[in-house]
$ cat final_16.txt   # compact mmCIF, C-alpha atoms
# COMPACT_ATOMS: atom_id res chain seq x y z
CA MET W 1 -19.91 73.09 -41.50
CA ALA W 2 -21.14 69.59 -41.36
CA VAL W 3 -21.52 67.75 -38.05
CA SER W 4 -18.54 65.51 -37.45
CA MET W 5 -17.35 62.86 -35.05
CA GLN W 6 -13.96 61.67 -33.85
CA VAL W 7 -12.89 58.48 -35.61
CA ASP W 8 -9.96 56.34 -34.45
CA ILE W 9 -8.92 53.25 -36.35
CA VAL W 10 -6.13 51.42 -34.56
CA SER W 11 -4.42 48.06 -34.74
CA ALA W 12 -1.77 46.53 -32.50
CA GLU W 13 0.85 47.62 -35.01
CA GLY W 14 -0.12 51.24 -35.08
CA SER W 15 -2.73 53.90 -35.61
CA LEU W 16 -4.32 53.76 -39.06
CA PHE W 17 -6.60 56.77 -38.88
CA SER W 18 -7.34 59.38 -36.27
CA GLY W 19 -9.37 62.48 -36.98
CA LYS W 20 -12.75 64.04 -37.64
CA ALA W 21 -15.12 62.42 -40.10
CA GLU W 22 -18.75 62.76 -41.16
CA ARG W 23 -19.54 59.17 -42.00
CA LEU W 24 -18.11 55.70 -41.46
CA PHE W 25 -19.05 52.40 -43.05
CA ALA W 26 -17.97 49.03 -41.70
CA GLN W 27 -18.82 45.33 -41.90
CA ALA W 28 -20.59 44.64 -38.61
CA ALA W 29 -21.62 41.16 -37.48
CA ASN W 30 -25.08 41.35 -39.05
CA GLY W 31 -24.12 43.23 -42.19
CA GLU W 32 -22.74 46.55 -43.32
CA VAL W 33 -23.50 49.53 -41.12
CA GLY W 34 -23.20 53.23 -41.82
CA ILE W 35 -22.44 55.42 -38.81
CA LEU W 36 -23.27 59.12 -38.69
CA PRO W 37 -22.48 61.52 -35.83
CA HIS W 38 -24.75 61.14 -32.79
CA HIS W 39 -25.40 57.51 -33.52
CA THR W 40 -26.61 55.61 -30.47
CA GLN W 41 -24.06 53.51 -28.54
CA PHE W 42 -23.21 50.47 -30.58
CA LEU W 43 -20.78 47.59 -30.00
CA SER W 44 -20.16 44.96 -32.64
CA GLN W 45 -17.75 42.39 -33.88
CA LEU W 46 -16.23 43.34 -37.20
CA LYS W 47 -16.03 40.98 -40.11
CA PRO W 48 -12.97 41.00 -42.35
CA GLY W 49 -13.60 43.66 -44.95
CA LEU W 50 -13.40 47.32 -45.75
CA VAL W 51 -13.87 50.23 -43.39
CA ARG W 52 -14.62 53.46 -45.23
CA VAL W 53 -14.25 56.85 -43.61
CA VAL W 54 -15.76 59.94 -45.25
CA ALA W 55 -14.30 63.26 -44.16
CA GLY W 56 -15.37 66.24 -46.26
CA ASP W 57 -14.81 65.44 -49.92
CA GLU W 58 -12.31 62.78 -49.12
CA GLU W 59 -12.94 59.14 -48.55
CA GLU W 60 -10.37 56.80 -47.05
CA THR W 61 -10.61 53.03 -47.19
CA PHE W 62 -8.97 50.52 -44.87
CA PHE W 63 -8.99 46.75 -44.97
CA VAL W 64 -9.38 45.10 -41.59
CA ASN W 65 -9.02 41.41 -40.70
CA GLY W 66 -11.84 41.70 -38.23
CA GLY W 67 -11.93 43.26 -34.81
CA VAL W 68 -14.26 45.36 -32.70
CA LEU W 69 -16.35 48.43 -33.59
CA GLU W 70 -17.42 50.71 -30.76
CA VAL W 71 -19.69 53.68 -31.40
CA GLN W 72 -20.38 56.50 -28.98
CA PRO W 73 -22.34 59.59 -30.04
CA GLU W 74 -19.18 61.66 -30.54
CA VAL W 75 -16.49 59.00 -30.85
CA VAL W 76 -16.12 55.96 -33.06
CA THR W 77 -13.35 53.44 -32.37
CA VAL W 78 -12.31 50.61 -34.65
CA LEU W 79 -10.02 48.07 -32.98
CA ALA W 80 -8.62 46.20 -35.95
CA ASP W 81 -7.02 42.76 -35.76
CA THR W 82 -3.60 42.49 -37.36
CA ALA W 83 -4.17 39.00 -38.69
CA HIS W 84 -7.05 36.84 -39.72
CA ARG W 85 -8.48 35.15 -36.66
CA ALA W 86 -10.73 32.17 -36.31
CA ALA W 87 -11.83 30.18 -33.27
CA ASP W 88 -10.23 26.94 -34.45
CA LEU W 89 -6.96 28.71 -35.28
CA ASP W 90 -6.87 30.14 -31.76
CA GLU W 91 -7.61 26.71 -30.36
CA ALA W 92 -4.72 25.18 -32.30
CA ALA W 93 -2.40 27.91 -31.06
CA ALA W 94 -3.44 27.24 -27.47
CA LEU W 95 -2.77 23.53 -27.84
CA GLU W 96 0.63 24.31 -29.27
CA ALA W 97 1.47 26.58 -26.35
CA LYS W 98 0.53 23.82 -23.92
CA LYS W 99 2.61 21.28 -25.78
CA ARG W 100 5.59 23.60 -25.80
CA ALA W 101 5.26 24.02 -22.04
CA GLU W 102 5.35 20.28 -21.50
CA GLU W 103 8.30 19.77 -23.81
CA ALA W 104 10.24 22.71 -22.46
CA MET W 105 9.88 21.48 -18.89
CA GLU W 106 10.97 17.99 -19.80
CA LYS W 107 14.12 18.84 -21.63
CA ALA W 108 15.41 22.35 -21.78
CA LYS W 109 17.01 21.81 -25.15
CA THR W 110 17.82 25.30 -26.22
CA ASP W 111 20.03 26.56 -28.96
CA ILE W 112 23.29 25.15 -27.66
CA ASP W 113 25.69 27.20 -29.79
CA VAL W 114 24.11 30.49 -28.85
CA SER W 115 23.93 29.71 -25.18
CA ARG W 116 27.51 28.45 -25.16
CA ALA W 117 28.78 31.59 -26.88
CA GLN W 118 26.78 33.67 -24.47
CA ALA W 119 28.11 31.80 -21.47
CA GLU W 120 31.66 32.33 -22.69
CA LEU W 121 31.13 36.03 -23.09
CA ALA W 122 29.53 36.29 -19.68
CA GLU W 123 32.57 34.51 -18.31
CA ALA W 124 34.92 36.93 -20.03
CA ILE W 125 33.08 39.89 -18.57
CA ALA W 126 33.18 38.29 -15.15
CA GLN W 127 36.90 37.77 -15.67
CA ILE W 128 37.44 41.46 -16.27
CA ASN W 129 35.92 42.13 -12.91
CA ALA W 130 38.03 39.38 -11.37
CA ILE W 131 41.15 40.75 -12.97
CA SER W 132 40.79 43.91 -10.95
CA HIS W 133 41.91 41.72 -8.08
CA LEU W 134 45.04 40.94 -10.03
CA LYS W 135 45.78 44.64 -9.90
CA ASP W 136 45.73 44.49 -6.11
CA ARG W 137 48.00 41.50 -6.16
CA LEU W 138 50.44 43.36 -8.37
CA HIS W 139 50.45 46.14 -5.82
CA GLN W 140 51.27 43.69 -3.10
CA GLN W 141 54.10 42.12 -5.07
CA GLY W 142 55.50 45.57 -5.69
CA LEU W 143 55.25 45.28 -9.46
CA ALA W 144 53.17 48.40 -9.59
CA LYS W 145 53.44 51.31 -7.26
CA MET P 1 60.22 39.51 -14.08
CA ALA P 2 59.96 38.89 -17.82
CA GLY P 3 57.40 36.17 -17.17
CA GLY P 4 55.26 38.63 -15.20
CA SER P 5 55.17 41.21 -17.97
CA LYS P 6 54.32 38.57 -20.55
CA GLU P 7 51.40 37.44 -18.45
CA ILE P 8 50.14 41.01 -18.16
CA ARG P 9 50.41 41.48 -21.92
CA ALA P 10 48.33 38.37 -22.54
CA LYS P 11 45.68 39.63 -20.13
CA ILE P 12 45.56 43.00 -21.86
CA GLY P 13 45.06 41.24 -25.19
CA SER P 14 42.18 39.14 -23.93
CA ILE P 15 40.46 42.09 -22.26
CA LYS P 16 40.78 44.09 -25.45
CA ASN P 17 39.00 41.30 -27.33
CA THR P 18 36.19 41.22 -24.80
CA GLN P 19 35.91 44.98 -24.95
CA LYS P 20 35.50 44.82 -28.72
CA ILE P 21 32.57 42.44 -28.30
CA THR P 22 30.89 44.42 -25.55
CA LYS P 23 31.28 47.64 -27.53
CA ALA P 24 29.73 46.03 -30.59
CA MET P 25 26.88 44.63 -28.50
CA GLU P 26 26.27 48.03 -26.98
CA MET P 27 25.94 49.61 -30.40
CA VAL P 28 23.68 46.85 -31.67
CA ALA P 29 21.48 47.18 -28.58
CA ALA P 30 21.32 50.96 -29.00
CA SER P 31 20.08 50.69 -32.58
CA LYS P 32 17.66 47.89 -31.73
CA MET P 33 16.35 49.89 -28.82
CA ARG P 34 15.43 52.81 -31.05
CA LYS P 35 13.40 50.44 -33.21
CA ALA P 36 11.84 48.73 -30.20
CA GLN P 37 10.89 52.12 -28.79
CA ALA P 38 9.26 53.09 -32.08
CA ARG P 39 7.31 49.83 -31.97
CA MET P 40 6.24 50.57 -28.43
CA GLU P 41 4.99 54.01 -29.49
CA ALA P 42 3.09 52.43 -32.38
CA THR P 43 1.32 50.00 -30.05
CA ARG P 44 0.34 52.66 -27.54
CA PRO P 45 -2.70 54.06 -29.42
CA TYR P 46 -4.20 50.57 -29.67
CA VAL P 47 -3.85 49.95 -25.93
CA GLU P 48 -5.17 53.42 -25.12
CA LYS P 49 -8.22 52.99 -27.34
CA LEU P 50 -8.88 49.57 -25.84
CA GLN P 51 -8.79 51.09 -22.38
CA ARG P 52 -11.14 53.87 -23.49
CA VAL P 53 -13.64 51.39 -24.89
CA ILE P 54 -13.43 49.28 -21.72
CA LYS P 55 -14.19 52.36 -19.64
CA HIS P 56 -17.20 53.11 -21.88
CA VAL P 57 -18.40 49.54 -21.49
CA ALA P 58 -18.07 49.86 -17.71
CA GLY P 59 -20.35 52.87 -17.84
CA ALA P 60 -23.03 50.97 -19.76
CA HIS P 61 -25.69 48.83 -18.16
CA PRO P 62 -25.56 45.60 -20.09
CA GLU P 63 -28.00 42.78 -19.41
CA TYR P 64 -24.98 40.49 -19.64
CA LYS P 65 -22.27 40.87 -16.98
CA HIS P 66 -18.97 39.66 -18.38
CA PRO P 67 -17.10 37.26 -16.02
CA TYR P 68 -13.87 39.28 -16.43
CA THR P 69 -15.50 42.18 -14.63
CA GLN P 70 -16.70 40.07 -11.68
CA ALA P 71 -14.31 39.43 -8.80
CA ARG P 72 -14.57 35.92 -7.38
CA GLU P 73 -15.19 35.51 -3.69
CA LYS P 74 -12.65 32.80 -3.04
CA VAL P 75 -9.34 32.75 -4.86
CA LYS P 76 -7.93 29.23 -4.93
CA THR P 77 -5.62 29.47 -7.92
CA VAL P 78 -3.95 32.41 -9.60
CA GLY P 79 -2.47 32.44 -13.08
CA VAL P 80 0.57 34.53 -13.89
CA ILE P 81 1.70 35.47 -17.37
CA VAL P 82 5.44 36.14 -17.09
CA ILE P 83 7.19 38.13 -19.78
CA SER P 84 10.96 37.74 -20.04
CA SER P 85 13.63 38.13 -22.69
CA ASP P 86 14.94 35.29 -24.85
CA ARG P 87 18.55 36.27 -24.35
CA GLY P 88 20.75 37.11 -21.43
CA LEU P 89 23.49 39.71 -20.99
CA CYS P 90 20.96 42.36 -20.19
CA GLY P 91 21.94 43.17 -16.64
CA GLY P 92 19.45 42.42 -13.92
CA LEU P 93 16.40 42.84 -16.14
CA ASN P 94 15.01 39.32 -15.81
CA SER P 95 16.32 38.51 -12.35
CA ASN P 96 14.82 41.69 -10.88
CA LEU P 97 11.46 40.72 -12.33
CA PHE P 98 11.69 37.14 -11.05
CA ARG P 99 12.70 38.37 -7.61
CA LYS P 100 9.68 40.65 -7.45
CA LEU P 101 7.41 37.88 -8.68
CA LEU P 102 8.82 35.40 -6.16
CA LYS P 103 7.83 37.72 -3.33
CA ASP P 104 4.24 37.64 -4.57
CA ILE P 105 4.40 33.88 -5.11
CA LYS P 106 5.56 33.44 -1.51
CA VAL P 107 2.61 35.46 -0.23
CA TRP P 108 0.22 33.40 -2.32
CA GLN P 109 1.76 30.14 -1.16
CA GLU P 110 1.41 31.21 2.47
CA GLN P 111 -2.28 31.77 1.82
CA GLY P 112 -2.55 28.33 0.28
CA VAL P 113 -3.22 29.71 -3.17
CA GLU P 114 -1.96 27.64 -6.06
CA ILE P 115 -0.08 29.18 -8.94
CA GLU P 116 -0.14 28.42 -12.63
CA LEU P 117 2.34 30.01 -14.97
CA ALA P 118 2.29 30.99 -18.61
CA LEU P 119 5.80 31.91 -19.70
CA ILE P 120 6.85 34.18 -22.51
CA GLY P 121 10.56 34.18 -23.33
CA LYS P 122 13.33 31.64 -22.79
CA LYS P 123 14.75 33.18 -19.63
CA ALA P 124 11.52 32.63 -17.73
CA GLN P 125 11.41 29.01 -18.92
CA THR P 126 14.97 28.37 -17.76
CA PHE P 127 14.30 30.06 -14.44
CA PHE P 128 11.08 28.23 -13.62
CA LYS P 129 12.52 24.93 -14.78
CA HIS P 130 15.04 25.21 -11.96
CA PHE P 131 12.74 26.94 -9.49
CA GLY P 132 9.83 24.64 -10.13
CA GLY P 133 6.26 25.67 -10.72
CA ASN P 134 3.21 24.61 -12.61
CA VAL P 135 3.86 25.81 -16.15
CA VAL P 136 0.80 25.50 -18.38
CA ALA P 137 1.91 27.31 -21.52
CA THR P 138 5.05 28.78 -23.02
CA VAL P 139 6.12 30.73 -26.03
CA SER P 140 9.56 32.01 -26.99
CA ASP P 141 11.63 33.18 -29.97
CA LEU P 142 9.34 36.10 -30.65
CA GLY P 143 12.19 38.00 -32.25
CA ASP P 144 12.69 41.75 -32.26
CA ALA P 145 9.25 42.44 -33.71
CA PRO P 146 6.72 40.33 -31.77
CA LEU P 147 3.38 39.54 -33.37
CA VAL P 148 0.03 39.33 -31.60
CA GLN P 149 -0.76 36.00 -33.24
CA ASP P 150 2.33 34.41 -31.67
CA LEU P 151 0.97 35.22 -28.23
CA VAL P 152 -2.65 34.24 -28.83
CA GLY P 153 -2.21 30.57 -27.92
CA THR P 154 -0.45 31.21 -24.62
CA ILE P 155 -3.00 33.84 -23.58
CA LYS P 156 -5.90 31.62 -24.59
CA VAL P 157 -4.68 28.82 -22.31
CA MET P 158 -4.95 31.22 -19.36
CA LEU P 159 -8.29 32.69 -20.45
CA ASP P 160 -9.74 29.21 -20.96
CA LYS P 161 -8.63 28.25 -17.48
CA PHE P 162 -10.27 31.36 -16.09
CA ASP P 163 -13.48 30.62 -17.98
CA GLN P 164 -13.54 27.05 -16.67
CA GLY P 165 -12.94 28.26 -13.12
CA ALA P 166 -9.55 26.52 -12.85
CA VAL P 167 -7.94 29.93 -12.29
CA ASP P 168 -9.60 32.73 -10.32
CA GLU P 169 -7.27 35.62 -10.99
CA VAL P 170 -4.75 36.33 -13.72
CA TYR P 171 -1.68 38.54 -13.27
CA LEU P 172 0.84 39.92 -15.70
CA ALA P 173 4.51 40.17 -14.69
CA SER P 174 6.67 42.32 -16.92
CA ASN P 175 9.09 45.21 -17.06
CA GLU P 176 7.89 48.75 -17.42
CA PHE P 177 9.93 51.07 -19.62
CA VAL P 178 10.78 54.15 -17.55
CA ASN P 179 13.49 55.51 -19.81
CA THR P 180 16.43 54.10 -21.74
CA MET P 181 18.41 53.62 -18.54
CA ALA P 182 15.71 52.48 -16.13
CA GLN P 183 13.28 49.59 -16.16
CA ASN P 184 10.76 48.87 -13.49
CA PRO P 185 9.58 45.30 -12.79
CA THR P 186 5.81 45.17 -12.21
CA VAL P 187 3.20 42.55 -11.37
CA ASN P 188 -0.29 43.74 -12.29
CA GLN P 189 -3.70 42.15 -12.11
CA LEU P 190 -5.24 41.44 -15.52
CA ILE P 191 -8.49 39.65 -14.71
CA PRO P 192 -10.83 40.33 -13.07
CA LEU P 193 -10.29 43.80 -14.47
CA PRO P 194 -8.87 45.98 -11.68
CA LYS P 195 -11.08 48.79 -10.40
CA GLU P 196 -9.14 51.63 -12.00
CA ALA P 197 -9.54 50.03 -15.43
CA VAL P 198 -13.32 49.94 -15.17
CA GLU P 199 -13.88 53.16 -13.29
CA ALA P 200 -16.25 55.19 -15.40
CA GLU P 201 -18.33 58.27 -15.15
CA LYS P 202 -21.85 56.90 -15.00
CA GLN P 203 -23.99 59.14 -17.15
CA GLY P 204 -27.61 58.15 -17.11
CA HIS P 205 -28.88 54.72 -17.87
CA TRP P 206 -27.84 53.57 -21.29
CA ASP P 207 -26.70 50.43 -23.01
CA TYR P 208 -25.21 49.48 -26.31
CA LEU P 209 -26.88 47.95 -29.27
CA TYR P 210 -24.93 44.74 -29.72
CA GLU P 211 -24.16 42.70 -32.80
CA PRO P 212 -24.48 39.74 -32.98
CA ASP P 213 -25.46 39.80 -29.28
CA ALA P 214 -24.19 41.16 -25.97
CA LYS P 215 -22.30 38.02 -24.95
CA GLU P 216 -20.43 37.52 -28.19
CA ALA P 217 -19.60 41.17 -28.68
CA LEU P 218 -18.33 41.57 -25.11
CA ASP P 219 -16.45 38.25 -25.20
CA LEU P 220 -14.55 39.38 -28.26
CA LEU P 221 -13.86 42.79 -26.81
CA MET P 222 -12.55 41.35 -23.53
CA GLN P 223 -10.37 38.84 -25.35
CA ARG P 224 -8.90 41.59 -27.50
CA TYR P 225 -8.40 43.73 -24.43
CA ILE P 226 -6.37 41.08 -22.60
CA GLU P 227 -4.41 40.28 -25.74
CA GLY P 228 -3.78 43.96 -26.29
CA MET P 229 -2.52 44.44 -22.73
CA VAL P 230 -0.21 41.42 -22.95
CA PHE P 231 1.04 42.38 -26.39
CA GLY P 232 1.70 45.93 -25.23
CA ALA P 233 3.69 44.55 -22.29
CA VAL P 234 5.69 42.22 -24.57
CA VAL P 235 6.62 45.09 -26.87
CA GLU P 236 7.52 47.24 -23.87
CA ASN P 237 9.61 44.44 -22.40
CA ALA P 238 11.51 44.16 -25.69
CA ALA P 239 12.42 47.85 -25.45
CA CYS P 240 13.45 47.31 -21.82
CA GLU P 241 15.64 44.39 -22.84
CA GLN P 242 17.59 46.44 -25.35
CA GLY P 243 17.92 49.34 -22.93
CA ALA P 244 19.16 47.09 -20.15
CA ARG P 245 21.59 45.34 -22.49
CA MET P 246 22.91 48.65 -23.74
CA MET P 247 23.62 49.77 -20.18
CA ALA P 248 25.13 46.43 -19.14
CA MET P 249 27.43 46.41 -22.16
CA ARG P 250 28.41 50.04 -21.66
CA ASN P 251 29.41 49.27 -18.08
CA ALA P 252 31.35 46.22 -19.20
CA SER P 253 33.16 48.25 -21.87
CA ASP P 254 33.99 50.99 -19.37
CA ASN P 255 35.31 48.47 -16.86
CA ALA P 256 37.38 46.82 -19.54
CA GLY P 257 38.83 50.19 -20.61
CA GLU P 258 39.80 51.01 -17.05
CA MET P 259 41.29 47.57 -16.60
CA ILE P 260 43.36 47.96 -19.76
CA ARG P 261 44.67 51.33 -18.61
CA GLU P 262 45.74 49.96 -15.25
CA LEU P 263 47.29 46.82 -16.68
CA THR P 264 49.18 48.84 -19.29
CA LEU P 265 50.60 50.98 -16.51
CA ALA P 266 51.62 47.88 -14.56
CA TYR P 267 53.15 46.40 -17.70
CA ASN P 268 55.19 49.50 -18.44
CA LYS P 269 56.41 49.71 -14.89
CA ALA P 270 57.47 46.08 -14.96
CA ARG P 271 59.27 46.65 -18.25
CA GLN P 272 61.01 49.76 -16.95
CA ALA P 273 62.12 47.96 -13.81
CA ALA P 274 63.60 45.17 -15.92
CA ILE P 275 65.53 47.63 -18.10
CA THR P 276 66.81 49.56 -15.09
CA GLN P 277 67.99 46.39 -13.50
CA GLU P 278 69.73 45.26 -16.66
CA LEU P 279 71.44 48.63 -17.04
CA SER P 280 72.67 48.68 -13.47
CA GLU P 281 74.02 45.18 -13.92
CA ILE P 282 75.91 46.24 -17.04
CA VAL P 283 77.28 49.34 -15.32
CA ALA P 284 78.31 47.30 -12.30
CA GLY P 285 79.95 44.75 -14.59
CA ALA P 286 81.84 47.47 -16.53
CA SER P 287 83.14 49.17 -13.40
CA ALA P 288 84.34 45.86 -12.02
CA VAL P 289 86.54 45.26 -15.08
$ encode --input "final_16.txt" --output "structure tokens"
Amino acid sequence: MAVSMQVDIVSAEGSLFSGKAERLFAQAANGEVGILPHHTQFLSQLKPGLVRVVAGDEEETFFVNGGVLEVQPEVVTVLADTAHRAADLDEAAALEAKKRAEEAMEKAKTDIDVSRAQAELAEAIAQINAISHLKDRLHQQGLAK
Amino acid sequence: MAGGSKEIRAKIGSIKNTQKITKAMEMVAASKMRKAQARMEATRPYVEKLQRVIKHVAGAHPEYKHPYTQAREKVKTVGVIVISSDRGLCGGLNSNLFRKLLKDIKVWQEQGVEIELALIGKKAQTFFKHFGGNVVATVSDLGDAPLVQDLVGTIKVMLDKFDQGAVDEVYLASNEFVNTMAQNPTVNQLIPLPKEAVEAEKQGHWDYLYEPDAKEALDLLMQRYIEGMVFGAVVENAACEQGARMMAMRNASDNAGEMIRELTLAYNKARQAAITQELSEIVAGASAV
């Protein structure tokens, strides 16, 4: 029985791999690394590329868009990104979020049709509640006993 | 009398139409909620593993102390990331959250702390447009299946502000999914990382090997951690939204059904009274002849 370690490969969209394995290969920041059980603690950025997990005779391969690799003697965790990420892309996204905030606060121009339809429905539901008062009125007028 | 019964009939018709819509919305929400719940379950391992790694990191003795783990002495400005739904008709989901958040905002304002807001979802934007507030970033229209990359920009605005010292603490306001019928509004501290997130069993004196170096590796990890926490909350909030909508629509349908029953009874009584009256008039007329 070979020595094994717990390997978890997860992304925000779900777990990709979780189980015992004997070896793991990944693209760390300074080049490919091979991890065996009882490896010293290791924390690295991951480059986009393949992560290979060897468990027994089987080898599984995953493509990751980057992320974080954390190694503990008994546990290896791969936190995979779901999309390709780059500093300038993040920067652009941040600028966009700021711009949206400014625009949204200036003119709250939302989808008018949807909000109108929604307002009408909300009104109808409110009406149903209001109509229960009609029932009381009917009682008073003697229409209903 | 005839006018009265006609009016009741028209009311019954309009309530029936509304009931059809609310019933349909309830069913749509129920099916969407199952999917949203599945998405929430799928995200959970990622958040759990992130938390595990953060705990490991807290147990290490790095030469580089990450700013997100250091509480600042004086808090002048707090940032709040508010997660709301894009659409209404989901009961008190958003308003309960805003009410809870407003309590905290009041406390901060009394202490002279300024507040900056990053808003996710249209309802929060509409609310804070009326309420006022310093909104620094927004994102909406995430759809039923939110993506991390749609949130990155909004989160980065807050993280950048924290890095520059413009914001000293960052909070996350969102709904917690208790079960399909119950949602719990929460306001939690994101950065600096709260104590329970970094509590670790200290075992000896060890540190990681870092690639490319401690700062860059930890920076990336912390960024992913915050993004992961916010993303997890967004996915959870989406499940809450569908659950709350399902309940709201079920209540509306039930009310409508009850209303229809009562109005039908009133209508029938009115009709019967009219017939009785007509009959007695005829009988009276016949006997007079």
$ interface_residues --input "final_16.txt" --of "chain W" --to "chain P" --cutoff "8 Å" --atoms "all atoms listed in the file" --output "VMD selection string"
chain W and resid 10 to 15 28 to 30 40 to 45 68 70 77 79 82 to 83 90 to 102 104 to 105 108 118 121 to 122 124 to 125 128 to 129 131 to 132 135 138 143 to 144
$ residues_around --input "final_16.txt" --residues "segment 65-72 of chain P" --least-positions-apart "5" --cutoff "10 Å" --atoms "all atoms listed in the file" --output "PDB file with C-alpha atoms, keeping the file's coordinate frame"
ATOM      1  CA  ALA P  58     -18.070  49.860 -17.710  1.00  0.00           C
ATOM      2  CA  LEU P 159      -8.290  32.690 -20.450  1.00  0.00           C
ATOM      3  CA  PHE P 162     -10.270  31.360 -16.090  1.00  0.00           C
ATOM      4  CA  ASP P 163     -13.480  30.620 -17.980  1.00  0.00           C
ATOM      5  CA  GLY P 165     -12.940  28.260 -13.120  1.00  0.00           C
ATOM      6  CA  ASP P 168      -9.600  32.730 -10.320  1.00  0.00           C
ATOM      7  CA  GLU P 169      -7.270  35.620 -10.990  1.00  0.00           C
ATOM      8  CA  VAL P 170      -4.750  36.330 -13.720  1.00  0.00           C
ATOM      9  CA  LEU P 190      -5.240  41.440 -15.520  1.00  0.00           C
ATOM     10  CA  ILE P 191      -8.490  39.650 -14.710  1.00  0.00           C
ATOM     11  CA  PRO P 192     -10.830  40.330 -13.070  1.00  0.00           C
ATOM     12  CA  LEU P 193     -10.290  43.800 -14.470  1.00  0.00           C
ATOM     13  CA  PRO P 194      -8.870  45.980 -11.680  1.00  0.00           C
ATOM     14  CA  LYS P 195     -11.080  48.790 -10.400  1.00  0.00           C
ATOM     15  CA  ALA P 197      -9.540  50.030 -15.430  1.00  0.00           C
ATOM     16  CA  VAL P 198     -13.320  49.940 -15.170  1.00  0.00           C
ATOM     17  CA  ALA P 214     -24.190  41.160 -25.970  1.00  0.00           C
ATOM     18  CA  LYS P 215     -22.300  38.020 -24.950  1.00  0.00           C
ATOM     19  CA  LEU P 218     -18.330  41.570 -25.110  1.00  0.00           C
ATOM     20  CA  ASP P 219     -16.450  38.250 -25.200  1.00  0.00           C
ATOM     21  CA  MET P 222     -12.550  41.350 -23.530  1.00  0.00           C
ATOM     22  CA  GLN P 223     -10.370  38.840 -25.350  1.00  0.00           C
ATOM     23  CA  ILE P 226      -6.370  41.080 -22.600  1.00  0.00           C
TER      24      ILE P 226
END
$ atom_distance --input "final_16.txt" --atom1 "atom CA of Gly112 of chain P" --atom2 "atom CA of Val167 of chain P"
13.8 Å
$ atom_distance --input "final_16.txt" --atom1 "atom CA of Val7 of chain W" --atom2 "atom CA of Leu24 of chain W"
8.3 Å
$ atom_distance --input "final_16.txt" --atom1 "atom CA of Val178 of chain P" --atom2 "atom CA of Lys123 of chain P"
21.4 Å
$ closest_residue --input "final_16.txt" --among "W:Leu36, W:Asp88, W:Ala126, W:Gln27" --to "Val76 of chain W" --atoms "all atoms listed in the file"
W:Leu36
$ closest_residue --input "final_16.txt" --among "W:Glu58, W:Pro48, W:Arg116, W:Asn65" --to "Gly31 of chain W" --atoms "all atoms listed in the file"
W:Pro48
$ axis_aligned_box --input "final_16.txt" --around "segment 207-224 of chain P" --padding-each-side "5 Å" --output "JSON"
{"center_x": -17.9, "center_y": 44.0, "center_z": -28.0, "size_x": 28.0, "size_y": 22.9, "size_z": 20.0}
$ build_atoms --input "final_16.txt" --residues "segment 17-25 of chain P" --atoms "N, CA, C and O atoms" --output "PDB file, in the coordinates of the input"
ATOM      1  N   ASN P  17      39.942  42.067 -26.499  1.00  0.00           N
ATOM      2  CA  ASN P  17      39.000  41.300 -27.330  1.00  0.00           C
ATOM      3  C   ASN P  17      37.593  41.362 -26.759  1.00  0.00           C
ATOM      4  O   ASN P  17      36.622  41.571 -27.489  1.00  0.00           O
ATOM      5  N   THR P  18      37.510  41.166 -25.443  1.00  0.00           N
ATOM      6  CA  THR P  18      36.190  41.220 -24.800  1.00  0.00           C
ATOM      7  C   THR P  18      35.575  42.597 -24.980  1.00  0.00           C
ATOM      8  O   THR P  18      34.384  42.737 -25.269  1.00  0.00           O
ATOM      9  N   GLN P  19      36.409  43.625 -24.830  1.00  0.00           N
ATOM     10  CA  GLN P  19      35.910  44.980 -24.950  1.00  0.00           C
ATOM     11  C   GLN P  19      35.337  45.241 -26.351  1.00  0.00           C
ATOM     12  O   GLN P  19      34.320  45.905 -26.497  1.00  0.00           O
ATOM     13  N   LYS P  20      36.006  44.670 -27.343  1.00  0.00           N
ATOM     14  CA  LYS P  20      35.500  44.820 -28.720  1.00  0.00           C
ATOM     15  C   LYS P  20      34.093  44.260 -28.823  1.00  0.00           C
ATOM     16  O   LYS P  20      33.206  44.861 -29.425  1.00  0.00           O
ATOM     17  N   ILE P  21      33.894  43.075 -28.229  1.00  0.00           N
ATOM     18  CA  ILE P  21      32.570  42.440 -28.300  1.00  0.00           C
ATOM     19  C   ILE P  21      31.532  43.261 -27.549  1.00  0.00           C
ATOM     20  O   ILE P  21      30.452  43.544 -28.066  1.00  0.00           O
ATOM     21  N   THR P  22      31.888  43.687 -26.335  1.00  0.00           N
ATOM     22  CA  THR P  22      30.890  44.420 -25.550  1.00  0.00           C
ATOM     23  C   THR P  22      30.546  45.751 -26.216  1.00  0.00           C
ATOM     24  O   THR P  22      29.404  46.184 -26.200  1.00  0.00           O
ATOM     25  N   LYS P  23      31.548  46.376 -26.824  1.00  0.00           N
ATOM     26  CA  LYS P  23      31.280  47.640 -27.530  1.00  0.00           C
ATOM     27  C   LYS P  23      30.328  47.411 -28.686  1.00  0.00           C
ATOM     28  O   LYS P  23      29.381  48.175 -28.906  1.00  0.00           O
ATOM     29  N   ALA P  24      30.601  46.333 -29.447  1.00  0.00           N
ATOM     30  CA  ALA P  24      29.730  46.030 -30.590  1.00  0.00           C
ATOM     31  C   ALA P  24      28.315  45.736 -30.117  1.00  0.00           C
ATOM     32  O   ALA P  24      27.326  46.211 -30.690  1.00  0.00           O
ATOM     33  N   MET P  25      28.213  44.965 -29.014  1.00  0.00           N
ATOM     34  CA  MET P  25      26.880  44.630 -28.500  1.00  0.00           C
ATOM     35  C   MET P  25      26.148  45.863 -28.009  1.00  0.00           C
ATOM     36  O   MET P  25      24.937  45.983 -28.152  1.00  0.00           O
TER      37      MET P  25
END
